[in-house]
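Reproduced below: run35.cif, with mmCIF, C-alpha atoms (C1' of nucleotides).
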data_structure
loop_
_atom_site.label_atom_id
_atom_site.label_comp_id
_atom_site.auth_asym_id
_atom_site.auth_seq_id
_atom_site.Cartn_x
_atom_site.Cartn_y
_atom_site.Cartn_z
CA MET A 1 137.20 98.34 106.01
CA ALA A 2 137.93 101.34 108.10
CA SER A 3 135.70 102.43 110.92
CA VAL A 4 132.29 103.03 109.54
CA LYS A 5 130.85 105.60 111.87
CA VAL A 6 127.36 105.36 110.49
CA THR A 7 125.78 102.87 108.14
CA ASN A 8 124.76 103.96 104.68
CA ASP A 9 121.10 103.63 105.53
CA VAL A 10 121.43 105.94 108.49
CA VAL A 11 123.29 108.47 106.36
CA ILE A 12 120.54 108.34 103.76
CA GLU A 13 117.87 108.80 106.39
CA GLN A 14 119.62 111.90 107.68
CA LEU A 15 120.02 113.24 104.16
CA LEU A 16 116.33 112.57 103.65
CA SER A 17 115.40 114.53 106.73
CA VAL A 18 117.35 117.55 105.49
CA PHE A 19 116.13 117.45 101.90
CA ARG A 20 112.51 117.01 102.93
CA THR A 21 112.52 120.08 105.15
CA VAL A 22 114.55 122.56 103.09
CA GLY A 23 114.44 121.19 99.55
CA TYR A 24 117.33 120.58 97.20
CA ASP A 25 118.66 124.11 96.74
CA GLY A 26 118.04 124.93 100.36
CA ALA A 27 120.22 122.06 101.54
CA SER A 28 123.88 123.06 101.77
CA MET A 29 126.72 120.60 101.96
CA ALA A 30 127.58 121.99 105.38
CA GLN A 31 124.07 121.24 106.58
CA LEU A 32 124.09 117.75 105.08
CA ALA A 33 127.46 117.07 106.71
CA GLU A 34 126.29 118.24 110.09
CA ALA A 35 123.11 116.18 109.89
CA THR A 36 124.93 112.99 109.00
CA GLY A 37 127.75 113.52 111.47
CA LEU A 38 130.28 113.23 108.66
CA GLN A 39 132.57 115.80 107.14
CA LYS A 40 131.81 117.09 103.69
CA SER A 41 134.67 115.11 102.18
CA SER A 42 133.41 111.92 103.79
CA LEU A 43 130.08 112.48 102.14
CA TYR A 44 131.89 112.88 98.85
CA HIS A 45 133.66 109.62 99.52
CA ARG A 46 130.33 107.85 99.84
CA PHE A 47 128.72 109.83 97.02
CA PRO A 48 131.48 110.64 94.53
CA ASP A 49 128.95 112.24 92.21
CA GLY A 50 128.10 114.87 94.78
CA LYS A 51 124.95 116.48 95.98
CA GLN A 52 122.75 115.29 93.15
CA ALA A 53 123.82 111.73 93.84
CA MET A 54 122.89 112.18 97.50
CA ALA A 55 119.42 113.32 96.59
CA GLY A 56 119.27 110.50 94.06
CA ALA A 57 120.14 107.97 96.75
CA VAL A 58 117.41 109.40 98.94
CA LEU A 59 114.96 109.01 96.08
CA ASP A 60 116.05 105.42 95.50
CA TYR A 61 115.54 104.76 99.18
CA ILE A 62 112.05 106.25 99.05
CA ASP A 63 111.28 104.36 95.87
CA GLU A 64 112.21 101.10 97.56
CA SER A 65 110.24 101.67 100.74
CA SER A 66 107.32 102.88 98.70
CA LYS A 67 107.30 99.65 96.78
CA THR A 68 107.51 97.43 99.85
CA ASP A 69 105.37 99.37 102.31
CA VAL A 70 102.69 100.62 99.94
CA VAL A 71 102.55 99.18 96.45
CA ALA A 72 103.33 95.57 97.33
CA VAL A 73 100.68 95.57 100.05
CA LEU A 74 98.08 97.08 97.76
CA LEU A 75 98.74 94.43 95.11
CA ASN A 76 98.80 91.54 97.59
CA THR A 77 95.55 89.96 96.55
CA THR A 78 95.86 87.23 99.19
CA LEU A 79 94.71 89.78 101.75
CA PRO A 80 91.15 91.11 101.90
CA PRO A 81 90.97 94.56 100.26
CA ALA A 82 89.71 96.34 103.37
CA GLN A 83 92.67 95.08 105.35
CA ARG A 84 95.10 96.10 102.64
CA LEU A 85 93.59 99.57 102.73
CA LYS A 86 93.89 99.90 106.46
CA THR A 87 97.45 98.61 106.54
CA VAL A 88 98.60 100.97 103.81
CA LEU A 89 96.91 104.04 105.22
CA THR A 90 98.54 103.35 108.57
CA ALA A 91 101.90 103.01 106.84
CA ILE A 92 101.38 106.30 105.04
CA ASN A 93 100.41 108.00 108.25
CA ASN A 94 103.65 106.76 109.80
CA LEU A 95 105.72 107.81 106.79
CA TYR A 96 104.79 111.42 107.45
CA ASN A 97 104.59 111.11 111.21
CA GLY A 98 100.92 111.97 111.29
CA GLY A 99 101.26 114.94 108.97
CA GLN A 100 104.23 116.57 110.63
CA LEU A 101 106.84 115.64 108.04
CA SER A 102 107.07 117.04 104.54
CA CYS A 103 107.18 114.81 101.52
CA VAL A 104 110.64 114.70 100.00
CA LEU A 105 109.16 114.08 96.57
CA ARG A 106 107.54 117.49 96.71
CA ALA A 107 110.72 119.04 98.10
CA LEU A 108 112.78 117.66 95.23
CA SER A 109 110.36 118.75 92.53
CA LEU A 110 111.40 122.41 92.74
CA GLY A 111 114.56 124.22 91.77
CA SER A 112 117.71 122.93 90.16
CA ALA A 113 116.84 119.31 90.83
CA ALA A 114 113.31 119.43 89.48
CA GLU A 115 113.95 118.34 85.93
CA VAL A 116 116.60 115.81 86.93
CA PHE A 117 114.33 113.88 89.27
CA ARG A 118 110.92 114.48 87.75
CA SER A 119 110.57 111.16 85.96
CA GLN A 120 111.68 109.15 88.97
CA ILE A 121 109.20 110.97 91.18
CA ALA A 122 106.53 110.43 88.58
CA GLY A 123 107.34 106.72 88.72
CA ILE A 124 106.71 106.61 92.45
CA PHE A 125 103.42 108.45 92.11
CA THR A 126 102.40 106.14 89.28
CA GLY A 127 103.20 103.13 91.46
CA TRP A 128 100.85 104.37 94.14
CA ILE A 129 98.13 105.09 91.59
CA THR A 130 98.47 101.63 90.08
CA GLY A 131 98.26 100.02 93.49
CA PHE A 132 95.30 102.01 94.70
CA THR A 133 93.49 101.47 91.41
CA ARG A 134 93.86 97.70 91.83
CA LEU A 135 92.57 97.98 95.39
CA ALA A 136 89.57 100.04 94.33
CA LEU A 137 88.72 97.52 91.64
CA ASP A 138 88.92 94.74 94.23
CA LEU A 139 86.52 96.77 96.35
CA GLY A 140 83.99 96.66 93.54
CA LYS A 141 84.56 100.05 91.94
CA SER A 142 84.29 100.55 88.22
CA GLN A 143 87.46 101.23 86.26
CA PRO A 144 86.97 105.00 85.91
CA GLU A 145 85.88 105.26 89.54
CA ALA A 146 88.94 103.32 90.62
CA SER A 147 91.34 105.52 88.65
CA GLN A 148 89.75 108.65 90.02
CA LEU A 149 89.94 107.37 93.60
CA ALA A 150 93.57 106.34 93.18
CA GLN A 151 94.58 109.71 91.79
CA GLY A 152 92.70 111.24 94.69
CA VAL A 153 94.97 109.47 97.16
CA VAL A 154 98.15 111.08 95.83
CA ILE A 155 96.44 114.42 95.47
CA GLY A 156 94.94 114.20 98.95
CA VAL A 157 98.17 113.14 100.64
CA GLN A 158 100.27 115.83 98.97
CA GLY A 159 97.69 118.55 99.43
CA ALA A 160 96.91 117.64 103.00
CA LEU A 161 100.60 117.65 103.93
CA ILE A 162 100.95 121.18 102.60
CA LEU A 163 97.85 122.44 104.36
CA ALA A 164 98.59 120.64 107.63
CA GLN A 165 102.10 122.01 107.84
CA THR A 166 101.24 125.52 106.75
CA LEU A 167 98.39 125.77 109.26
CA GLN A 168 100.50 123.88 111.82
CA GLN A 169 97.51 121.64 112.27
CA PRO A 170 98.66 118.05 111.73
CA THR A 171 95.18 116.66 112.31
CA VAL A 172 94.26 117.89 108.85
CA PHE A 173 96.39 115.06 107.51
CA GLY A 174 94.71 112.36 109.56
CA GLN A 175 91.29 113.66 108.62
CA THR A 176 92.21 113.45 104.97
CA LEU A 177 93.39 109.87 105.32
CA ALA A 178 90.11 109.06 107.05
CA ARG A 179 88.15 110.63 104.22
CA ILE A 180 90.14 108.61 101.69
CA GLU A 181 89.37 105.41 103.58
CA ALA A 182 85.68 106.26 103.63
CA ASP A 183 85.67 106.99 99.90
CA PHE A 184 87.21 103.61 99.14
CA LEU A 185 84.84 101.73 101.41
CA ALA A 186 81.70 103.61 100.37
CA GLN A 187 79.03 101.53 98.70
CA LEU A 188 77.40 103.09 95.68
CA MET B 1 112.71 161.86 88.71
CA ALA B 2 114.29 159.45 86.33
CA SER B 3 112.21 157.44 83.90
CA VAL B 4 110.84 154.18 85.17
CA LYS B 5 111.94 151.28 83.05
CA VAL B 6 109.32 148.82 84.25
CA THR B 7 106.38 149.40 86.57
CA ASN B 8 106.45 147.86 90.01
CA ASP B 9 103.60 145.51 89.17
CA VAL B 10 105.44 144.16 86.16
CA VAL B 11 108.55 143.63 88.26
CA ILE B 12 106.57 141.74 90.87
CA GLU B 13 104.92 139.54 88.27
CA GLN B 14 108.32 138.60 86.89
CA LEU B 15 109.63 137.89 90.37
CA LEU B 16 106.55 135.76 90.94
CA SER B 17 107.19 133.74 87.83
CA VAL B 18 110.74 132.98 88.96
CA PHE B 19 109.91 132.15 92.58
CA ARG B 20 107.01 129.91 91.63
CA THR B 21 109.11 127.76 89.33
CA VAL B 22 112.36 127.43 91.29
CA GLY B 23 111.41 128.29 94.86
CA TYR B 24 113.10 130.76 97.18
CA ASP B 25 116.55 129.24 97.55
CA GLY B 26 116.56 128.20 93.92
CA ALA B 27 116.05 131.77 92.75
CA SER B 28 119.36 133.61 92.36
CA MET B 29 119.64 137.36 92.23
CA ALA B 30 121.12 137.04 88.75
CA GLN B 31 118.04 135.12 87.64
CA LEU B 32 115.68 137.61 89.25
CA ALA B 33 117.55 140.47 87.62
CA GLU B 34 117.43 138.89 84.20
CA ALA B 35 113.72 138.11 84.52
CA THR B 36 112.82 141.66 85.52
CA GLY B 37 115.14 143.33 83.01
CA LEU B 38 116.80 145.28 85.82
CA GLN B 39 120.28 144.98 87.23
CA LYS B 40 120.75 143.41 90.63
CA SER B 41 121.56 146.78 92.16
CA SER B 42 118.39 148.26 90.70
CA LEU B 43 116.37 145.52 92.32
CA TYR B 44 118.00 146.49 95.61
CA HIS B 45 116.98 150.06 94.98
CA ARG B 46 113.33 148.99 94.79
CA PHE B 47 113.63 146.41 97.56
CA PRO B 48 116.25 147.71 100.01
CA ASP B 49 115.68 144.74 102.28
CA GLY B 50 116.81 142.33 99.62
CA LYS B 51 115.66 138.98 98.39
CA GLN B 52 113.33 138.28 101.30
CA ALA B 53 111.56 141.56 100.68
CA MET B 54 111.12 140.65 97.03
CA ALA B 55 109.47 137.37 97.94
CA GLY B 56 107.44 139.27 100.53
CA ALA B 57 106.21 141.69 97.88
CA VAL B 58 105.23 138.75 95.72
CA LEU B 59 103.28 137.28 98.62
CA ASP B 60 101.53 140.60 99.25
CA TYR B 61 100.59 140.69 95.59
CA ILE B 62 99.18 137.16 95.75
CA ASP B 63 97.37 137.95 98.97
CA GLU B 64 95.66 140.89 97.31
CA SER B 65 94.61 139.09 94.15
CA SER B 66 93.46 136.15 96.23
CA LYS B 67 91.19 138.42 98.19
CA THR B 68 89.67 140.11 95.14
CA ASP B 69 89.50 137.20 92.70
CA VAL B 70 88.55 134.42 95.10
CA VAL B 71 87.50 135.35 98.60
CA ALA B 72 85.44 138.43 97.73
CA VAL B 73 83.52 136.51 95.08
CA LEU B 74 82.81 133.61 97.42
CA LEU B 75 81.47 135.95 100.08
CA ASN B 76 79.39 138.03 97.64
CA THR B 77 75.98 136.84 98.76
CA THR B 78 74.21 138.94 96.16
CA LEU B 79 75.16 136.32 93.58
CA PRO B 80 73.60 132.85 93.48
CA PRO B 81 75.95 130.31 95.07
CA ALA B 82 76.28 128.14 91.97
CA GLN B 83 77.40 131.13 89.96
CA ARG B 84 79.92 132.14 92.61
CA LEU B 85 81.34 128.62 92.51
CA LYS B 86 81.68 128.60 88.75
CA THR B 87 83.27 132.05 88.63
CA VAL B 88 85.83 131.22 91.29
CA LEU B 89 86.78 127.84 89.87
CA THR B 90 87.34 129.46 86.51
CA ALA B 91 89.49 132.11 88.17
CA ILE B 92 91.52 129.43 89.94
CA ASN B 93 91.98 127.53 86.72
CA ASN B 94 93.32 130.70 85.11
CA LEU B 95 95.60 131.44 88.08
CA TYR B 96 97.50 128.23 87.41
CA ASN B 97 97.04 128.29 83.63
CA GLY B 98 95.09 125.07 83.63
CA GLY B 99 97.48 123.26 85.93
CA GLN B 100 100.69 124.20 84.16
CA LEU B 101 101.91 126.76 86.69
CA SER B 102 103.18 125.96 90.18
CA CYS B 103 101.71 127.65 93.22
CA VAL B 104 104.12 130.20 94.64
CA LEU B 105 102.73 129.59 98.12
CA ARG B 106 104.00 126.06 97.99
CA ALA B 107 107.29 127.20 96.46
CA LEU B 108 107.84 129.65 99.32
CA SER B 109 106.97 127.17 102.05
CA LEU B 110 110.28 125.35 101.75
CA GLY B 111 113.83 126.33 102.57
CA SER B 112 115.26 129.43 104.19
CA ALA B 113 112.06 131.41 103.67
CA ALA B 114 109.67 128.82 105.01
CA GLU B 115 109.39 130.01 108.59
CA VAL B 116 109.46 133.68 107.62
CA PHE B 117 106.43 133.42 105.34
CA ARG B 118 104.48 130.60 106.92
CA SER B 119 101.91 132.67 108.76
CA GLN B 120 101.20 134.87 105.76
CA ILE B 121 100.70 131.81 103.57
CA ALA B 122 98.49 130.31 106.23
CA GLY B 123 96.40 133.50 106.13
CA ILE B 124 95.80 133.11 102.41
CA PHE B 125 94.80 129.47 102.80
CA THR B 126 92.50 130.40 105.67
CA GLY B 127 90.87 133.05 103.51
CA TRP B 128 90.03 130.49 100.87
CA ILE B 129 88.69 128.07 103.46
CA THR B 130 86.53 130.76 105.01
CA GLY B 131 85.14 131.71 101.62
CA PHE B 132 84.43 128.19 100.45
CA THR B 133 82.86 127.30 103.79
CA ARG B 134 80.44 130.20 103.40
CA LEU B 135 79.63 129.07 99.87
CA ALA B 136 79.03 125.48 100.96
CA LEU B 137 76.70 126.67 103.71
CA ASP B 138 74.80 128.74 101.15
CA LEU B 139 74.50 125.59 99.06
CA GLY B 140 72.73 123.89 101.92
CA LYS B 141 75.55 121.92 103.46
CA SER B 142 75.84 121.41 107.19
CA GLN B 143 78.57 123.22 109.08
CA PRO B 144 80.92 120.22 109.39
CA GLU B 145 80.27 119.24 105.78
CA ALA B 146 80.99 122.78 104.65
CA SER B 147 84.29 122.95 106.54
CA GLN B 148 85.37 119.61 105.17
CA LEU B 149 84.51 120.62 101.61
CA ALA B 150 86.33 123.92 101.95
CA GLN B 151 89.49 122.29 103.28
CA GLY B 152 89.19 119.86 100.41
CA VAL B 153 89.46 122.70 97.92
CA VAL B 154 92.86 123.85 99.16
CA ILE B 155 94.05 120.26 99.50
CA GLY B 156 92.76 119.35 96.08
CA VAL B 157 94.23 122.37 94.33
CA GLN B 158 97.66 121.99 95.91
CA GLY B 159 97.78 118.25 95.50
CA ALA B 160 96.49 118.29 91.95
CA LEU B 161 99.07 120.90 90.93
CA ILE B 162 101.85 118.67 92.22
CA LEU B 163 100.54 115.57 90.51
CA ALA B 164 99.70 117.33 87.26
CA GLN B 165 103.15 118.86 86.96
CA THR B 166 105.05 115.78 88.03
CA LEU B 167 103.18 113.57 85.59
CA GLN B 168 103.27 116.37 83.00
CA GLN B 169 99.56 115.81 82.63
CA PRO B 170 97.84 119.17 83.18
CA THR B 171 94.38 117.66 82.68
CA VAL B 172 94.68 116.19 86.16
CA PHE B 173 94.19 119.69 87.49
CA GLY B 174 91.05 120.38 85.47
CA GLN B 175 89.59 117.04 86.50
CA THR B 176 90.19 117.88 90.13
CA LEU B 177 88.46 121.23 89.78
CA ALA B 178 85.53 119.44 88.14
CA ARG B 179 85.33 116.98 91.00
CA ILE B 180 85.35 119.83 93.48
CA GLU B 181 82.50 121.51 91.65
CA ALA B 182 80.51 118.28 91.67
CA ASP B 183 81.12 117.80 95.39
CA PHE B 184 79.79 121.26 96.17
CA LEU B 185 76.73 120.89 93.96
CA ALA B 186 75.90 117.33 95.06
CA GLN B 187 72.61 116.89 96.87
CA LEU B 188 72.70 114.58 99.84
"C1'" DT C 1 113.01 181.84 82.55
"C1'" DA C 2 117.20 179.98 83.82
"C1'" DA C 3 120.40 178.42 86.85
"C1'" DA C 4 121.14 175.62 91.14
"C1'" DC C 5 119.66 172.10 93.98
"C1'" DT C 6 117.28 167.86 95.21
"C1'" DT C 7 115.28 163.52 94.30
"C1'" DT C 8 114.64 159.32 91.81
"C1'" DA C 9 115.88 155.28 88.93
"C1'" DC C 10 119.35 152.95 87.29
"C1'" DC C 11 123.91 150.69 86.45
"C1'" DG C 12 128.82 148.55 86.68
"C1'" DA C 13 132.03 147.00 89.76
"C1'" DA C 14 133.27 145.38 93.82
"C1'" DC C 15 132.22 143.49 98.60
"C1'" DA C 16 132.44 139.54 102.04
"C1'" DT C 17 130.54 135.17 102.43
"C1'" DT C 18 129.09 130.71 101.19
"C1'" DC C 19 128.71 127.44 97.71
"C1'" DG C 20 129.87 122.61 95.86
"C1'" DG C 21 133.83 120.10 95.24
"C1'" DT C 22 138.96 118.32 95.62
"C1'" DA C 23 143.79 116.86 97.15
"C1'" DA C 24 146.71 115.28 100.53
"C1'" DA C 25 147.29 113.33 104.81
"C1'" DT C 26 145.76 110.68 108.94
"C1'" DA C 27 143.29 106.90 111.04
"C1'" DT C 28 141.24 102.35 111.12
"C1'" DT C 29 140.47 97.64 109.80
"C1'" DC C 30 141.68 93.33 107.48
"C1'" DG D 1 151.10 96.54 104.74
"C1'" DA D 2 147.23 97.04 101.60
"C1'" DA D 3 142.83 98.95 101.36
"C1'" DT D 4 139.27 101.66 102.91
"C1'" DA D 5 137.26 105.48 105.66
"C1'" DT D 6 137.64 109.82 107.50
"C1'" DT D 7 139.59 114.32 108.26
"C1'" DT D 8 141.96 118.81 107.68
"C1'" DA D 9 142.88 122.30 104.60
"C1'" DC D 10 141.91 124.35 100.62
"C1'" DC D 11 140.12 125.85 95.86
"C1'" DG D 12 137.48 128.51 92.17
"C1'" DA D 13 133.04 129.95 91.36
"C1'" DA D 14 128.76 131.72 92.66
"C1'" DT D 15 126.03 133.70 96.20
"C1'" DG D 16 123.43 137.90 98.19
"C1'" DT D 17 124.63 142.51 99.11
"C1'" DT D 18 126.76 147.23 98.98
"C1'" DC D 19 129.09 151.19 96.94
"C1'" DG D 20 130.26 155.05 93.94
"C1'" DG D 21 128.57 157.30 90.39
"C1'" DT D 22 125.44 158.81 86.23
"C1'" DA D 23 121.42 160.52 83.85
"C1'" DA D 24 116.94 162.33 83.97
"C1'" DA D 25 112.97 164.54 86.16
"C1'" DG D 26 111.09 167.69 89.68
"C1'" DT D 27 111.69 171.68 92.84
"C1'" DT D 28 113.51 175.86 94.37
"C1'" DT D 29 115.47 180.30 93.92
"C1'" DA D 30 116.94 184.44 91.56
#
Please re-express this file's structure in structure tokens.
Amino acid sequence: MASVKVTNDVVIEQLLSVFRTVGYDGASMAQLAEATGLQKSSLYHRFPDGKQAMAGAVLDYIDESSKTDVVAVLLNTTLPPAQRLKTVLTAINNLYNGGQLSCVLRALSLGSAAEVFRSQIAGIFTGWITGFTRLALDLGKSQPEASQLAQGVVIGVQGALILAQTLQQPTVFGQTLARIEADFLAQL
Amino acid sequence: MASVKVTNDVVIEQLLSVFRTVGYDGASMAQLAEATGLQKSSLYHRFPDGKQAMAGAVLDYIDESSKTDVVAVLLNTTLPPAQRLKTVLTAINNLYNGGQLSCVLRALSLGSAAEVFRSQIAGIFTGWITGFTRLALDLGKSQPEASQLAQGVVIGVQGALILAQTLQQPTVFGQTLARIEADFLAQL
DNA sequence: TAAACTTTACCGAACATTCGGTAAATATTC
DNA sequence: GAATATTTACCGAATGTTCGGTAAAGTTTA
């Protein structure tokens, strides 16, 4: 091989950081090149199918880390439910750097890319909902309660990120995570 | 004067419908022109400061209708709180056509326009929070409870819109509004 | 009242710039 | 030297924006 200046994972993480802050249409090739430290053509060498493929790779990357850091933990029934909850909420808090980072799933669900990526994004959301539903059931909730709580996690995370960043008040995000934890642990 | 082809309000509503679905960077002048039925140059006649001014006019329009349809109702202490709640939630449901329409505030908080419009968007969110806090207090909640509930409205609406549209399951939005209503009316 | 002037709304064509993407050449590693 | 990675230079198309001009309505003046 020739000199690989940056590993593929690093490139993807830089692409992620651009897409998440400016969205798909807002991200220009020049900006993506500058962020990765590569020239445009080098990006096209790694992603021959162009910009959409770059965003697709970012989504695959997110899909993967979502499965390992969130879903797998939630479904790991060898751990006590309360510990699973705490671990996952901490992971989520880190994912968004305490509410300071946008969610790339939201960023990619607008504009030219929206229809292309919608089903994949839906898959990631569904994974979370499945995992949190299982956790809620293990915490003694009824089926409808569990579904409602699980949906509330995705809704709360996405909504809180928007509010926290718009108000420039990251604590809103942490408060929301705390409320989610309390809801799951609440005894009827 | 020459005859006006479309009133300013109609133009703004068409601009709104484009911006809300594709975002700021995703909206091309050609698309905005086609949606309004005017030529690009005619749009520049009405908005000499260009695309940003068009999005700004849309935001002003939203700001206004938010104040009259939501905030003013919430603060109208001549009406019983429960009725205010019901009226406003119905209005919100209509605003987003039962969860099928994106929120233009979210659409404009990404990309090139994000920093330009952030404070104005924050003002609209703050208006809602102020109004819902007042309502919660009138429903007998404590101050911290009221603030938390009010924040939860904005978070819930924004988050539910994202989830509903990604999953193509608009009912998610209605369910969230119902949960919000229940939370406000719940007796401790 | 009618002609002359001004203002307003609109349009088609062009503007410079930036867009995503490509081809050919150079550099690096095995 | 064969293969891969990266770069420089470039392309056509699309971007947001501006310009010159036209038609209609209002205003002024004779």
Report as a list in words the set of chain B residues whose atoms approach chain C to within 8 Å, with distances computed over only C-alpha atoms (C1' of nucleotides).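 On the chain B side, the interface is Met1, Ala2, Ser3, Val4, Gln39, Ser41 and Ser42 of chain B.
CA of Pro170 (chain A) is found 28.4 Å from CA of Leu16 (chain B).
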For a cutoff of 12 Å around the file-coordinate point (85.5, 109.4, 100.9), which residues qualify once you count all atoms listed in the file? I'd like the result as a list in words.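 Counting all atoms listed in the file, I find these residues within 12 Å of (85.5, 109.4, 100.9): Gln148, Leu149, Ala150, Gly152, Val153, Gly156, Gln175, Thr176, Leu177, Ala178, Arg179, Ile180, Glu181, Ala182, Asp183, Phe184, Leu185, Ala186, Gln187 and Leu188 of chain A; Gln148, Leu149, Gly152 and Asp183 of chain B.
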Select, counting only C-alpha atoms (C1' of nucleotides), all protein, DNA and RNA residues no farther than 9 Å from (121.5, 121.9, 95.7) in file coordinates, and express the selection as a list in words.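 Applying the cut-off with only C-alpha atoms (C1' of nucleotides), one gets Gly23, Tyr24, Asp25, Gly26, Ala27, Ser28, Met29, Lys51, Gln52, Ala55, Gly111, Ser112 and Ala113 of chain A; Gly26 of chain B; DG20 of chain C.
For the pair CA of Gly127 (chain A) and CA of Leu139 (chain A), the interatomic distance is 18.5 Å.
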Using the chain letters and residue numbers of this document, give as a count of residues only the residues selected by the PyMOL selection byres ((chain D) within 12 of (chain A)). 9
Compute the set of chain B residues within 8 Å of chain A, using all atoms listed in the file, and express it as a compact mmCIF listing (two decimals) with C-alpha atoms, in the frame of the given file.
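Dumped everything to selection_7.txt:
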# COMPACT_ATOMS: atom_id res chain seq x y z
CA THR B 21 109.11 127.76 89.33
CA VAL B 22 112.36 127.43 91.29
CA GLY B 23 111.41 128.29 94.86
CA ASP B 25 116.55 129.24 97.55
CA GLY B 26 116.56 128.20 93.92
CA ALA B 27 116.05 131.77 92.75
CA ARG B 106 104.00 126.06 97.99
CA ALA B 107 107.29 127.20 96.46
CA SER B 109 106.97 127.17 102.05
CA LEU B 110 110.28 125.35 101.75
CA GLY B 111 113.83 126.33 102.57
CA SER B 112 115.26 129.43 104.19
CA ARG B 118 104.48 130.60 106.92
CA SER B 119 101.91 132.67 108.76
CA ILE B 121 100.70 131.81 103.57
CA ALA B 122 98.49 130.31 106.23
CA PHE B 125 94.80 129.47 102.80
CA VAL B 154 92.86 123.85 99.16
CA ILE B 155 94.05 120.26 99.50
CA GLY B 156 92.76 119.35 96.08
CA VAL B 157 94.23 122.37 94.33
CA GLN B 158 97.66 121.99 95.91
CA GLY B 159 97.78 118.25 95.50
CA ALA B 160 96.49 118.29 91.95
CA ILE B 162 101.85 118.67 92.22
CA LEU B 163 100.54 115.57 90.51
CA THR B 166 105.05 115.78 88.03
CA LEU B 167 103.18 113.57 85.59
One-decimal distance in Å that lies between C1' of DA25 (chain D) and CA of Met54 (chain B):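 Value for the CA of Met54 (chain B)-C1' of DA25 (chain D) distance: 26.3 Å.
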Need to verify the contact set: region 63-77 of chain B, 8 Å, all atoms listed in the file, exclusion of same-chain residues closer than 2 positions in sequence. Can you return it as number ranges by chain? B: 59-61, 79-81, 84-85, 87-88, 91-92, 124, 127-128, 130-132, 134-135
With 4 Å of padding per side, what axis-aligned box (centre and edge lengths, Å, one decimal) covers all the listed atoms of region 2-5 of chain C? Give it as JSON.
{"center_x": 119.2, "center_y": 176.0, "center_z": 88.9, "size_x": 11.9, "size_y": 15.9, "size_z": 18.2}
With only C-alpha atoms (C1' of nucleotides) as the counted atoms, please give the residues lying no more than 8 Å from Ser147 (chain A), apart from itself and same-chain residues fewer than 4 positions off, as a PyMOL selection string. chain A and resi 129+133+143+151
